[in-house]
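**Q** You'll find input-v9.cif just under this line, and it carries mmCIF, C-alpha atoms.
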data_work
#
loop_
_atom_site.group_PDB
_atom_site.id
_atom_site.type_symbol
_atom_site.label_atom_id
_atom_site.label_comp_id
_atom_site.auth_asym_id
_atom_site.auth_seq_id
_atom_site.Cartn_x
_atom_site.Cartn_y
_atom_site.Cartn_z
ATOM 1 C CA MET O 34 -55.046 11.439 27.982
ATOM 2 C CA SER O 35 -53.834 15.015 27.683
ATOM 3 C CA THR O 36 -51.640 14.577 30.740
ATOM 4 C CA CYS O 37 -49.960 11.471 29.349
ATOM 5 C CA TYR O 38 -46.242 12.159 28.858
ATOM 6 C CA ASN O 39 -45.389 11.436 25.243
ATOM 7 C CA PRO O 40 -42.140 12.864 23.866
ATOM 8 C CA PHE O 41 -42.600 10.850 20.680
ATOM 9 C CA THR O 42 -45.832 12.405 19.472
ATOM 10 C CA LEU O 43 -46.054 13.363 15.809
ATOM 11 C CA GLU O 44 -49.195 15.439 16.365
ATOM 12 C CA GLY O 45 -49.349 18.371 13.930
ATOM 13 C CA LYS O 46 -46.458 17.133 11.791
ATOM 14 C CA THR O 47 -46.760 16.462 8.065
ATOM 15 C CA ILE O 48 -44.590 13.539 7.080
ATOM 16 C CA LEU O 49 -43.669 12.197 3.654
ATOM 17 C CA VAL O 50 -43.029 8.456 3.403
ATOM 18 C CA THR O 51 -41.683 6.960 0.165
ATOM 19 C CA GLY O 52 -41.810 3.267 -0.601
ATOM 20 C CA ALA O 53 -45.085 3.261 1.318
ATOM 21 C CA SER O 54 -46.817 0.644 -0.818
ATOM 22 C CA SER O 55 -45.206 -2.242 1.026
ATOM 23 C CA GLY O 56 -42.832 -3.499 3.670
ATOM 24 C CA ILE O 57 -41.038 -1.115 5.992
ATOM 25 C CA GLY O 58 -42.390 2.035 4.317
ATOM 26 C CA ARG O 59 -45.985 0.888 4.687
ATOM 27 C CA GLN O 60 -45.534 0.091 8.385
ATOM 28 C CA ILE O 61 -43.874 3.451 9.033
ATOM 29 C CA ALA O 62 -46.743 5.295 7.332
ATOM 30 C CA ILE O 63 -49.337 3.425 9.388
ATOM 31 C CA ASP O 64 -47.509 3.886 12.682
ATOM 32 C CA CYS O 65 -46.798 7.595 12.051
ATOM 33 C CA SER O 66 -50.518 8.118 11.461
ATOM 34 C CA LYS O 67 -51.231 6.406 14.798
ATOM 35 C CA MET O 68 -48.823 8.876 16.402
ATOM 36 C CA GLY O 69 -50.889 11.754 15.057
ATOM 37 C CA ALA O 70 -49.041 12.734 11.889
ATOM 38 C CA ASN O 71 -50.570 13.847 8.611
ATOM 39 C CA LEU O 72 -49.133 11.572 5.961
ATOM 40 C CA ILE O 73 -48.114 12.079 2.375
ATOM 41 C CA ILE O 74 -47.388 8.597 1.103
ATOM 42 C CA SER O 75 -45.702 7.717 -2.152
ATOM 43 C CA GLY O 76 -45.140 4.461 -4.003
ATOM 44 C CA ARG O 77 -45.071 3.000 -7.489
ATOM 45 C CA ASP O 78 -48.045 0.692 -7.228
ATOM 46 C CA GLU O 79 -51.284 2.672 -7.036
ATOM 47 C CA ILE O 80 -53.422 -0.209 -5.776
ATOM 48 C CA ARG O 81 -51.044 -1.205 -3.008
ATOM 49 C CA LEU O 82 -50.433 2.438 -2.132
ATOM 50 C CA ASN O 83 -54.176 2.946 -1.706
ATOM 51 C CA GLU O 84 -54.239 -0.143 0.524
ATOM 52 C CA THR O 85 -51.735 1.617 2.750
ATOM 53 C CA LEU O 86 -53.808 4.810 2.600
ATOM 54 C CA SER O 87 -56.923 2.945 3.748
ATOM 55 C CA ASN O 88 -54.961 1.575 6.721
ATOM 56 C CA LEU O 89 -53.883 4.983 8.009
ATOM 57 C CA ALA O 90 -55.432 6.244 11.237
ATOM 58 C CA GLY O 91 -57.199 9.596 11.101
ATOM 59 C CA GLU O 92 -58.218 11.773 8.184
ATOM 60 C CA GLY O 93 -56.641 14.020 5.575
ATOM 61 C CA HIS O 94 -53.770 11.827 4.392
ATOM 62 C CA VAL O 95 -52.642 11.982 0.773
ATOM 63 C CA ALA O 96 -51.329 9.280 -1.564
ATOM 64 C CA LEU O 97 -49.169 10.327 -4.523
ATOM 65 C CA THR O 98 -48.247 7.568 -6.960
ATOM 66 C CA ALA O 99 -44.740 8.042 -8.316
ATOM 67 C CA ASP O 100 -41.950 5.926 -9.730
ATOM 68 C CA LEU O 101 -38.951 7.504 -8.066
ATOM 69 C CA SER O 102 -36.510 5.765 -10.409
ATOM 70 C CA ASP O 103 -37.670 8.450 -12.871
ATOM 71 C CA MET O 104 -36.085 11.808 -11.991
ATOM 72 C CA SER O 105 -38.929 13.817 -13.559
ATOM 73 C CA GLN O 106 -41.403 12.039 -11.293
ATOM 74 C CA ILE O 107 -39.320 13.030 -8.262
ATOM 75 C CA GLU O 108 -39.574 16.654 -9.344
ATOM 76 C CA ASN O 109 -43.300 16.254 -9.910
ATOM 77 C CA LEU O 110 -43.737 14.681 -6.457
ATOM 78 C CA VAL O 111 -41.933 17.555 -4.765
ATOM 79 C CA SER O 112 -43.998 20.104 -6.689
ATOM 80 C CA GLN O 113 -47.183 18.560 -5.265
ATOM 81 C CA ILE O 114 -46.002 18.914 -1.660
ATOM 82 C CA ALA O 115 -46.682 22.134 0.240
ATOM 83 C CA GLY O 116 -44.303 21.610 3.118
ATOM 84 C CA ILE O 117 -43.167 18.800 5.364
ATOM 85 C CA ASP O 118 -41.909 18.436 8.928
ATOM 86 C CA GLY O 119 -40.448 15.030 8.266
ATOM 87 C CA ALA O 120 -39.600 12.561 5.526
ATOM 88 C CA VAL O 121 -38.861 8.859 5.613
ATOM 89 C CA LEU O 122 -37.081 7.655 2.502
ATOM 90 C CA SER O 123 -37.870 4.000 2.219
ATOM 91 C CA ALA O 124 -38.052 3.351 -1.527
ATOM 92 C CA GLY O 125 -35.514 0.752 -2.526
ATOM 93 C CA ARG O 126 -34.878 -2.677 -3.921
ATOM 94 C CA GLY O 127 -32.590 -5.590 -3.302
ATOM 95 C CA LEU O 128 -30.132 -7.531 -5.432
ATOM 96 C CA THR O 129 -28.344 -10.755 -4.607
ATOM 97 C CA ARG O 130 -25.603 -11.351 -7.153
ATOM 98 C CA PRO O 131 -21.897 -12.148 -6.820
ATOM 99 C CA VAL O 132 -19.413 -9.426 -7.801
ATOM 100 C CA GLN O 133 -18.344 -11.198 -11.007
ATOM 101 C CA PHE O 134 -21.949 -10.968 -12.274
ATOM 102 C CA SER O 135 -22.566 -7.379 -11.174
ATOM 103 C CA SER O 136 -22.359 -5.700 -14.568
ATOM 104 C CA PRO O 137 -23.060 -1.980 -14.994
ATOM 105 C CA ASP O 138 -26.672 -2.524 -16.080
ATOM 106 C CA LYS O 139 -27.444 -4.526 -12.923
ATOM 107 C CA MET O 140 -25.592 -1.990 -10.804
ATOM 108 C CA ASN O 141 -27.380 0.977 -12.364
ATOM 109 C CA GLU O 142 -30.842 -0.408 -11.650
ATOM 110 C CA VAL O 143 -30.135 -0.701 -7.949
ATOM 111 C CA PHE O 144 -28.091 2.482 -7.566
ATOM 112 C CA GLN O 145 -30.789 4.427 -9.383
ATOM 113 C CA ILE O 146 -33.590 3.721 -6.926
ATOM 114 C CA ASN O 147 -31.609 3.107 -3.740
ATOM 115 C CA PHE O 148 -29.093 5.922 -3.988
ATOM 116 C CA PHE O 149 -29.569 8.450 -6.818
ATOM 117 C CA SER O 150 -33.335 8.808 -6.386
ATOM 118 C CA THR O 151 -33.112 9.100 -2.620
ATOM 119 C CA ALA O 152 -30.330 11.674 -2.881
ATOM 120 C CA GLU O 153 -32.224 13.659 -5.505
ATOM 121 C CA LEU O 154 -35.429 13.694 -3.456
ATOM 122 C CA ILE O 155 -33.530 14.949 -0.415
ATOM 123 C CA ARG O 156 -31.791 17.591 -2.543
ATOM 124 C CA LEU O 157 -35.055 18.875 -4.007
ATOM 125 C CA LEU O 158 -36.879 18.856 -0.666
ATOM 126 C CA TYR O 159 -34.124 21.020 0.764
ATOM 127 C CA LYS O 160 -33.526 23.315 -2.209
ATOM 128 C CA SER O 161 -37.240 24.010 -2.690
ATOM 129 C CA LYS O 162 -37.555 24.667 1.051
ATOM 130 C CA LYS O 163 -40.427 22.202 1.142
ATOM 131 C CA ALA O 164 -38.528 20.609 4.028
ATOM 132 C CA LYS O 165 -39.393 23.129 6.713
ATOM 133 C CA LYS O 166 -37.170 24.469 9.466
ATOM 134 C CA ASN O 167 -36.650 21.788 12.163
ATOM 135 C CA ALA O 168 -37.682 19.015 9.747
ATOM 136 C CA SER O 169 -36.340 15.523 10.281
ATOM 137 C CA ILE O 170 -35.220 13.368 7.375
ATOM 138 C CA VAL O 171 -34.894 9.641 8.006
ATOM 139 C CA ILE O 172 -33.183 7.393 5.481
ATOM 140 C CA ILE O 173 -33.957 3.691 5.598
ATOM 141 C CA ASP O 174 -30.450 2.394 5.168
ATOM 142 C CA SER O 175 -29.162 -1.093 6.027
ATOM 143 C CA ILE O 176 -26.502 -2.967 7.913
ATOM 144 C CA ALA O 177 -25.471 -4.227 4.455
ATOM 145 C CA GLY O 178 -22.270 -2.610 3.261
ATOM 146 C CA ILE O 179 -21.771 -1.003 6.678
ATOM 147 C CA THR O 180 -21.411 -3.636 9.392
ATOM 148 C CA ASP O 181 -22.513 -6.625 7.313
ATOM 149 C CA VAL O 182 -20.551 -7.878 4.326
ATOM 150 C CA SER O 183 -22.160 -11.065 3.001
ATOM 151 C CA PRO O 184 -21.547 -12.893 -0.287
ATOM 152 C CA GLY O 185 -23.746 -11.654 -3.107
ATOM 153 C CA THR O 186 -24.711 -8.327 -1.572
ATOM 154 C CA SER O 187 -21.960 -6.084 -2.955
ATOM 155 C CA VAL O 188 -24.126 -3.811 -5.076
ATOM 156 C CA TYR O 189 -26.949 -3.504 -2.574
ATOM 157 C CA GLY O 190 -24.422 -2.929 0.207
ATOM 158 C CA ALA O 191 -22.559 -0.310 -1.820
ATOM 159 C CA THR O 192 -25.792 1.658 -2.405
ATOM 160 C CA LYS O 193 -26.530 1.555 1.310
ATOM 161 C CA ALA O 194 -22.985 2.563 2.287
ATOM 162 C CA ALA O 195 -23.249 5.445 -0.184
ATOM 163 C CA LEU O 196 -26.506 6.553 1.445
ATOM 164 C CA ASN O 197 -24.923 6.355 4.878
ATOM 165 C CA SER O 198 -22.061 8.559 3.772
ATOM 166 C CA PHE O 199 -24.300 11.015 1.916
ATOM 167 C CA SER O 200 -26.587 11.393 4.931
ATOM 168 C CA LYS O 201 -23.743 12.784 7.027
ATOM 169 C CA TYR O 202 -22.992 15.542 4.501
ATOM 170 C CA CYS O 203 -26.699 16.408 4.416
ATOM 171 C CA ALA O 204 -26.799 16.512 8.225
ATOM 172 C CA LEU O 205 -23.830 18.863 8.285
ATOM 173 C CA GLU O 206 -25.023 21.231 5.574
ATOM 174 C CA PHE O 207 -28.710 21.233 6.517
ATOM 175 C CA ALA O 208 -28.022 22.047 10.181
ATOM 176 C CA VAL O 209 -28.141 25.767 9.288
ATOM 177 C CA ARG O 210 -31.861 25.289 8.779
ATOM 178 C CA LYS O 211 -32.090 23.013 11.849
ATOM 179 C CA ILE O 212 -33.002 20.147 9.563
ATOM 180 C CA ARG O 213 -31.821 16.814 10.914
ATOM 181 C CA VAL O 214 -30.790 13.867 8.763
ATOM 182 C CA ASN O 215 -30.357 10.385 10.208
ATOM 183 C CA CYS O 216 -30.181 6.805 8.987
ATOM 184 C CA ILE O 217 -31.808 3.690 10.302
ATOM 185 C CA CYS O 218 -29.727 0.587 9.584
ATOM 186 C CA PRO O 219 -31.976 -2.448 9.878
ATOM 187 C CA GLY O 220 -30.863 -6.052 9.774
ATOM 188 C CA MET O 221 -33.041 -8.532 7.926
ATOM 189 C CA ILE O 222 -36.676 -7.518 8.303
ATOM 190 C CA GLU O 223 -39.657 -9.717 7.451
ATOM 191 C CA THR O 224 -40.874 -8.003 4.276
ATOM 192 C CA PRO O 225 -41.598 -9.059 0.677
ATOM 193 C CA LEU O 226 -38.098 -7.833 -0.269
ATOM 194 C CA ILE O 227 -36.386 -10.740 1.486
ATOM 195 C CA HIS O 228 -38.941 -13.326 0.328
ATOM 196 C CA ARG O 229 -38.365 -12.875 -3.388
ATOM 197 C CA GLY O 230 -37.036 -16.414 -3.779
ATOM 198 C CA THR O 231 -33.310 -15.977 -4.338
ATOM 199 C CA LEU O 232 -32.795 -17.547 -0.935
ATOM 200 C CA THR O 233 -34.982 -20.458 0.120
ATOM 201 C CA GLU O 234 -37.168 -20.257 3.218
ATOM 202 C CA GLU O 235 -34.800 -22.795 4.845
ATOM 203 C CA GLN O 236 -31.801 -20.552 4.131
ATOM 204 C CA LEU O 237 -33.635 -17.574 5.628
ATOM 205 C CA GLN O 238 -34.575 -19.532 8.740
ATOM 206 C CA GLU O 239 -30.972 -20.657 9.136
ATOM 207 C CA ASP O 240 -29.761 -17.075 8.672
ATOM 208 C CA ALA O 241 -32.194 -15.779 11.297
ATOM 209 C CA LYS O 242 -30.447 -17.991 13.875
ATOM 210 C CA ARG O 243 -27.311 -15.855 13.527
ATOM 211 C CA TYR O 244 -29.121 -12.961 15.187
ATOM 212 C CA PRO O 245 -28.404 -12.684 18.942
ATOM 213 C CA CYS O 246 -32.046 -11.723 19.506
ATOM 214 C CA GLY O 247 -32.996 -14.998 17.830
ATOM 215 C CA ARG O 248 -35.193 -13.755 15.013
ATOM 216 C CA TYR O 249 -35.380 -11.460 12.020
ATOM 217 C CA GLY O 250 -36.804 -8.011 12.618
ATOM 218 C CA ARG O 251 -40.384 -6.966 12.051
ATOM 219 C CA PRO O 252 -41.422 -3.805 10.186
ATOM 220 C CA GLU O 253 -42.646 -2.297 13.475
ATOM 221 C CA ASP O 254 -39.154 -2.666 14.966
ATOM 222 C CA VAL O 255 -38.031 -0.201 12.310
ATOM 223 C CA SER O 256 -41.064 2.079 12.455
ATOM 224 C CA ASN O 257 -40.597 2.586 16.188
ATOM 225 C CA GLY O 258 -37.102 3.876 15.469
ATOM 226 C CA ALA O 259 -38.417 6.111 12.704
ATOM 227 C CA ILE O 260 -40.992 7.604 15.087
ATOM 228 C CA TYR O 261 -38.222 8.487 17.530
ATOM 229 C CA LEU O 262 -36.106 10.137 14.821
ATOM 230 C CA LEU O 263 -39.101 12.049 13.424
ATOM 231 C CA SER O 264 -40.261 13.267 16.816
ATOM 232 C CA ASP O 265 -38.941 16.190 18.832
ATOM 233 C CA ALA O 266 -37.532 13.609 21.264
ATOM 234 C CA SER O 267 -34.525 13.371 18.936
ATOM 235 C CA SER O 268 -34.127 17.090 18.273
ATOM 236 C CA TRP O 269 -30.409 16.973 19.230
ATOM 237 C CA VAL O 270 -29.720 13.919 17.089
ATOM 238 C CA THR O 271 -28.374 14.360 13.573
ATOM 239 C CA GLY O 272 -25.893 12.587 11.324
ATOM 240 C CA THR O 273 -26.257 9.323 13.204
ATOM 241 C CA SER O 274 -27.094 5.762 12.254
ATOM 242 C CA LEU O 275 -29.566 3.895 14.402
ATOM 243 C CA PHE O 276 -28.846 0.179 14.137
ATOM 244 C CA ILE O 277 -32.020 -1.888 14.516
ATOM 245 C CA ASP O 278 -30.603 -5.303 13.893
ATOM 246 C CA GLY O 279 -31.283 -7.746 16.718
ATOM 247 C CA GLY O 280 -27.653 -7.442 17.776
ATOM 248 C CA ILE O 281 -26.141 -8.918 14.594
ATOM 249 C CA SER O 282 -23.580 -6.098 14.413
ATOM 250 C CA ILE O 283 -22.183 -6.836 17.871
ATOM 251 C CA MET Q 1413 -30.305 -24.668 -25.172
ATOM 252 C CA GLU Q 1414 -27.950 -27.580 -25.121
ATOM 253 C CA LEU Q 1415 -27.007 -29.820 -22.193
ATOM 254 C CA ASN Q 1416 -23.256 -29.950 -22.796
ATOM 255 C CA ASP Q 1417 -23.056 -26.199 -23.125
ATOM 256 C CA PHE Q 1418 -24.999 -25.823 -19.876
ATOM 257 C CA ILE Q 1419 -22.662 -28.257 -18.101
ATOM 258 C CA LYS Q 1420 -19.641 -26.278 -19.314
ATOM 259 C CA LYS Q 1421 -21.066 -22.987 -18.015
ATOM 260 C CA PHE Q 1422 -22.134 -24.703 -14.793
ATOM 261 C CA ALA Q 1423 -18.609 -26.064 -14.274
ATOM 262 C CA GLU Q 1424 -17.124 -22.577 -14.782
ATOM 263 C CA GLN Q 1425 -18.681 -21.520 -11.480
ATOM 264 C CA PHE Q 1426 -16.327 -23.796 -9.550
ATOM 265 C CA GLU Q 1427 -12.777 -22.945 -8.574
ATOM 266 C CA GLU Q 1428 -11.387 -26.205 -7.151
ATOM 267 C CA THR Q 1429 -13.540 -28.794 -8.855
ATOM 268 C CA ALA Q 1430 -12.099 -29.928 -12.212
ATOM 269 C CA PRO Q 1431 -14.497 -29.460 -15.146
ATOM 270 C CA GLU Q 1432 -14.383 -33.193 -15.968
ATOM 271 C CA GLU Q 1433 -15.759 -33.975 -12.516
ATOM 272 C CA ILE Q 1434 -18.981 -32.254 -13.464
ATOM 273 C CA GLN Q 1435 -21.259 -34.366 -15.634
ATOM 274 C CA ALA Q 1436 -24.997 -34.446 -16.320
ATOM 275 C CA SER Q 1437 -25.439 -36.993 -13.528
ATOM 276 C CA THR Q 1438 -23.264 -35.171 -10.975
ATOM 277 C CA GLU Q 1439 -25.023 -34.544 -7.672
ATOM 278 C CA PHE Q 1440 -23.643 -31.048 -7.481
ATOM 279 C CA LYS Q 1441 -24.659 -30.156 -3.934
ATOM 280 C CA SER Q 1442 -22.528 -33.064 -2.717
ATOM 281 C CA LEU Q 1443 -19.387 -31.532 -4.214
ATOM 282 C CA GLU Q 1444 -16.992 -30.493 -1.488
ATOM 283 C CA GLU Q 1445 -16.705 -26.996 -2.902
ATOM 284 C CA TRP Q 1446 -20.462 -26.333 -3.047
ATOM 285 C CA SER Q 1447 -21.432 -23.213 -1.070
ATOM 286 C CA SER Q 1448 -24.035 -20.489 -0.901
ATOM 287 C CA LEU Q 1449 -21.764 -18.362 -3.089
ATOM 288 C CA THR Q 1450 -21.631 -21.099 -5.734
ATOM 289 C CA SER Q 1451 -25.417 -21.254 -5.610
ATOM 290 C CA LEU Q 1452 -25.684 -17.478 -6.139
ATOM 291 C CA SER Q 1453 -23.207 -17.719 -9.025
ATOM 292 C CA ILE Q 1454 -25.297 -20.427 -10.705
ATOM 293 C CA LEU Q 1455 -28.448 -18.284 -10.340
ATOM 294 C CA ALA Q 1456 -26.673 -15.265 -11.853
ATOM 295 C CA MET Q 1457 -25.093 -17.322 -14.665
ATOM 296 C CA VAL Q 1458 -28.484 -18.780 -15.623
ATOM 297 C CA ASP Q 1459 -30.060 -15.307 -15.584
ATOM 298 C CA ASP Q 1460 -27.284 -13.825 -17.752
ATOM 299 C CA GLU Q 1461 -26.879 -16.727 -20.190
ATOM 300 C CA TYR Q 1462 -30.453 -18.010 -20.517
ATOM 301 C CA ASP Q 1463 -32.526 -15.064 -19.303
ATOM 302 C CA VAL Q 1464 -34.194 -17.352 -16.776
ATOM 303 C CA ALA Q 1465 -34.761 -16.245 -13.185
ATOM 304 C CA LEU Q 1466 -34.291 -19.384 -11.098
ATOM 305 C CA LYS Q 1467 -35.323 -19.399 -7.454
ATOM 306 C CA GLY Q 1468 -33.328 -20.774 -4.547
ATOM 307 C CA ASP Q 1469 -35.926 -23.554 -4.416
ATOM 308 C CA ASP Q 1470 -35.040 -24.645 -7.961
ATOM 309 C CA ILE Q 1471 -31.476 -25.296 -6.793
ATOM 310 C CA LYS Q 1472 -32.772 -27.008 -3.659
ATOM 311 C CA ASN Q 1473 -35.070 -29.314 -5.614
ATOM 312 C CA ALA Q 1474 -32.516 -30.297 -8.268
ATOM 313 C CA VAL Q 1475 -30.248 -33.238 -7.446
ATOM 314 C CA THR Q 1476 -28.150 -33.580 -10.600
ATOM 315 C CA VAL Q 1477 -26.824 -31.022 -13.046
ATOM 316 C CA GLU Q 1478 -29.253 -32.406 -15.622
ATOM 317 C CA ASP Q 1479 -32.182 -31.809 -13.239
ATOM 318 C CA LEU Q 1480 -31.238 -28.161 -13.115
ATOM 319 C CA PHE Q 1481 -30.738 -28.045 -16.873
ATOM 320 C CA ASN Q 1482 -34.279 -29.401 -17.314
ATOM 321 C CA LYS Q 1483 -35.616 -26.764 -14.939
ATOM 322 C CA VAL Q 1484 -33.909 -23.979 -16.867
ATOM 323 C CA ALA Q 1485 -35.094 -25.456 -20.190
ATOM 324 C CA SER Q 1486 -38.674 -25.544 -18.896
ATOM 325 C CA LYS Q 1487 -38.540 -21.860 -18.014
ATOM 326 C CA ALA Q 1488 -36.579 -20.640 -21.056
#
Now, as a test, write the supplied structure out as structure tokens.

**A**
Amino acid sequence: MSTCYNPFTLEGKTILVTGASSGIGRQIAIDCSKMGANLIISGRDEIRLNETLSNLAGEGHVALTADLSDMSQIENLVSQIAGIDGAVLSAGRGLTRPVQFSSPDKMNEVFQINFFSTAELIRLLYKSKKAKKNASIVIIDSIAGITDVSPGTSVYGATKAALNSFSKYCALEFAVRKIRVNCICPGMIETPLIHRGTLTEEQLQEDAKRYPCGRYGRPEDVSNGAIYLLSDASSWVTGTSLFIDGGISI
Amino acid sequence: MELNDFIKKFAEQFEETAPEEIQASTEFKSLEEWSSLTSLSILAMVDDEYDVALKGDDIKNAVTVEDLFNKVASKA
């Protein structure tokens, strides 16, 4: 085993994953643990977060319940972390609503968790120096608002475009500490977020046919990309967006 | 909630279809203008006006405007 070439190992790295109580975040936490990382997982729902914790491979992982839409809880989360070699920011929510119904209250809810909270967590991790030298920060972004503009996704897409833009400034400024910041832009991934009922199962199945690869993505399609960006295999990669989208952006 | 008021708000979500073409018995998904965007607008209108979160399936299962009104009324 020790002779097996593995540039993607996360052995010895401590990695924070937010939004780890379900969907993409949960899969990333599980797969990072299989790659040898020590995990600090965060999510709003304590029961579901502990479900993720019990599914992690190896020992010594930590679960910290936090509602990241609350800025004081972000600060509290950071204060409980000693130091990290990587972070995957996966906390977020969706909204499907035409522009003419996207009033400030609706917009604020989504911007708060998807953009402001993610940006604030990154800021605090950097400022507090909890993000160690050579750390890798991975933002779970989206094709929405970037290469995909679909009816009803203006607010969600705008939060994701904002994240994409913000990540590049972070990459530029954090390079002095050799901290890398990259985005993953997934297409539609089979998670609870897309099965919340706004679109019917028939509409989703029809939509999946638009993907050149013939299906929606799976959480592991995204976690494999996250592993690459967290590992030393990507140590010369920063400020990029990795599109994991079954070819829909072609 | 009141049926005629619902029909009026429902009809406001259309651009090309004249309001008088939309009645309680109108099979709205057969209207030429009907689209996924119209469907999303109806969902958002119902949420804003009646504080009811309809699902895509509620639209799918309703045939007439009155069917949808009854669904909203049952959840309000």

**Q** Pick from Q:Val1475, Q:Leu1466, Q:Ala1423, Q:Val1458: nearest to Lys1441 in chain Q, with all atoms listed in the file counted?

**A**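 Among Q:Val1475, Q:Leu1466, Q:Ala1423, Q:Val1458, it is Q:Val1475 that comes nearest to Lys1441 in chain Q.
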
**Q** Please determine an axis-aligned box that encloses all atoms of range 1414-1428 of chain Q listed in the file, with 5 Å added on each side, and express its centre and edge lengths in Å to one decimal as lines of an AutoDock Vina configuration file.

**A**
center_x = -19.7
center_y = -25.7
center_z = -16.1
size_x = 26.6
size_y = 18.4
size_z = 28.0

**Q** I would like the residues chosen by the PyMOL selection byres ((chain O) within 10 of (chain Q)) on the shown file; could you give them as a PyMOL selection string?

**A** chain O and resi 129-135+183-185+229-236

**Q** Starting from the shown file, work through the PyMOL selection byres ((chain O and resi 226) around 8) and note down what comes out as a list in words.

**A**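 On the file shown, the PyMOL selection byres ((chain O and resi 226) around 8) covers Gly56, Arg126, Gly127, Thr224, Pro225, Ile227, His228 and Arg229 of chain O.
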
**Q** Please produce a file of those selected residues containing C-alpha atoms, as a compact mmCIF listing (two decimals), in the frame of the given file.

**A**
# COMPACT_ATOMS: atom_id res chain seq x y z
CA GLY O 56 -42.83 -3.50 3.67
CA ARG O 126 -34.88 -2.68 -3.92
CA GLY O 127 -32.59 -5.59 -3.30
CA THR O 224 -40.87 -8.00 4.28
CA PRO O 225 -41.60 -9.06 0.68
CA ILE O 227 -36.39 -10.74 1.49
CA HIS O 228 -38.94 -13.33 0.33
CA ARG O 229 -38.36 -12.88 -3.39

**Q** Residues within 8 Å of Arg77 in chain O, please, as a VMD selection string. Count all atoms listed in the file; anything in the same chain fewer than 2 positions from it doesn't count.

**A** chain O and resid 52 54 75 79 82 98 to 101

**Q** With distances taken over all atoms listed in the file, which residue among Q:Glu1414, Q:Glu1478, Q:Tyr1462, Q:Phe1422 lies nearest Ser1437 in chain Q?

**A**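 Answer, going by the shortest atom-to-atom distance: Q:Glu1478.
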
**Q** Looking at O:Gly93, O:Pro137, O:Pro245, O:Gly272, which one is nearest to Thr47 in chain O, with distances taken over only C-alpha atoms?

**A**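 Checking each candidate against Thr47 in chain O, we get O:Gly93 as the closest.
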
**Q** Just the residues within 10 Å of Met221 in chain O, please, counting only C-alpha atoms, with nothing from its chain fewer than 5 positions along; format it as a list in words.

**A**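 In the requested format, the answer is Ser175, Ile176, Ala177, Leu226, Ile227, Leu237, Asp240, Ala241, Tyr244, Arg248, Tyr249, Gly250, Arg251, Pro252, Ile277, Asp278, Gly279 and Ile281 of chain O.
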
**Q** If you measure from CA of Ile146 in chain O to CA of Asp103 in chain O, what distance in Å do you get, rounded to one decimal?

**A**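 Taking CA of Ile146 in chain O and CA of Asp103 in chain O, their separation equals 8.6 Å.
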
**Q** Report, in Å with one decimal, the straight-line distance from CA of Thr192 in chain O to CA of Val121 in chain O.

**A**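 According to the coordinates, CA of Thr192 in chain O and CA of Val121 in chain O are separated by 16.9 Å.
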
**Q** How many Å lie between CA of Phe41 in chain O and CA of Tyr261 in chain O, rounded to one decimal?

**A**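 Separation between CA of Phe41 in chain O and CA of Tyr261 in chain O: 5.9 Å.
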
**Q** (-48.9, 15.3, 12.6) in this file's frame - what residues fall within 9 Å of it? Use all atoms listed in the file and give the answer as a PDB file with C-alpha atoms, keeping the file's coordinate frame.

**A**
ATOM      1  CA  THR O  42     -45.832  12.405  19.472  1.00  0.00           C
ATOM      2  CA  LEU O  43     -46.054  13.363  15.809  1.00  0.00           C
ATOM      3  CA  GLU O  44     -49.195  15.439  16.365  1.00  0.00           C
ATOM      4  CA  GLY O  45     -49.349  18.371  13.930  1.00  0.00           C
ATOM      5  CA  LYS O  46     -46.458  17.133  11.791  1.00  0.00           C
ATOM      6  CA  THR O  47     -46.760  16.462   8.065  1.00  0.00           C
ATOM      7  CA  ILE O  48     -44.590  13.539   7.080  1.00  0.00           C
ATOM      8  CA  CYS O  65     -46.798   7.595  12.051  1.00  0.00           C
ATOM      9  CA  SER O  66     -50.518   8.118  11.461  1.00  0.00           C
ATOM     10  CA  MET O  68     -48.823   8.876  16.402  1.00  0.00           C
ATOM     11  CA  GLY O  69     -50.889  11.754  15.057  1.00  0.00           C
ATOM     12  CA  ALA O  70     -49.041  12.734  11.889  1.00  0.00           C
ATOM     13  CA  ASN O  71     -50.570  13.847   8.611  1.00  0.00           C
ATOM     14  CA  LEU O  72     -49.133  11.572   5.961  1.00  0.00           C
ATOM     15  CA  ASP O 118     -41.909  18.436   8.928  1.00  0.00           C
TER      16      ASP O 118
END

**Q** For a cut-off of 7 Å around (-44.7, 5.7, 2.1), file coordinates, pick out all residues using all atoms listed in the file and list them as a ChimeraX atom specification.

**A** /O:49-54,58-59,62,74-76

**Q** To test your reading of the syntax: which residues would the PyMOL selection byres ((chain Q and resi 1445) around 9) return for the file shown? Reply as a compact mmCIF listing (two decimals) with C-alpha atoms, in the frame of the given file.

**A**
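File produced: result_18.txt:
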# COMPACT_ATOMS: atom_id res chain seq x y z
CA PHE Q 1426 -16.33 -23.80 -9.55
CA GLU Q 1427 -12.78 -22.94 -8.57
CA GLU Q 1428 -11.39 -26.20 -7.15
CA THR Q 1429 -13.54 -28.79 -8.86
CA LYS Q 1441 -24.66 -30.16 -3.93
CA SER Q 1442 -22.53 -33.06 -2.72
CA LEU Q 1443 -19.39 -31.53 -4.21
CA GLU Q 1444 -16.99 -30.49 -1.49
CA TRP Q 1446 -20.46 -26.33 -3.05
CA SER Q 1447 -21.43 -23.21 -1.07
CA THR Q 1450 -21.63 -21.10 -5.73
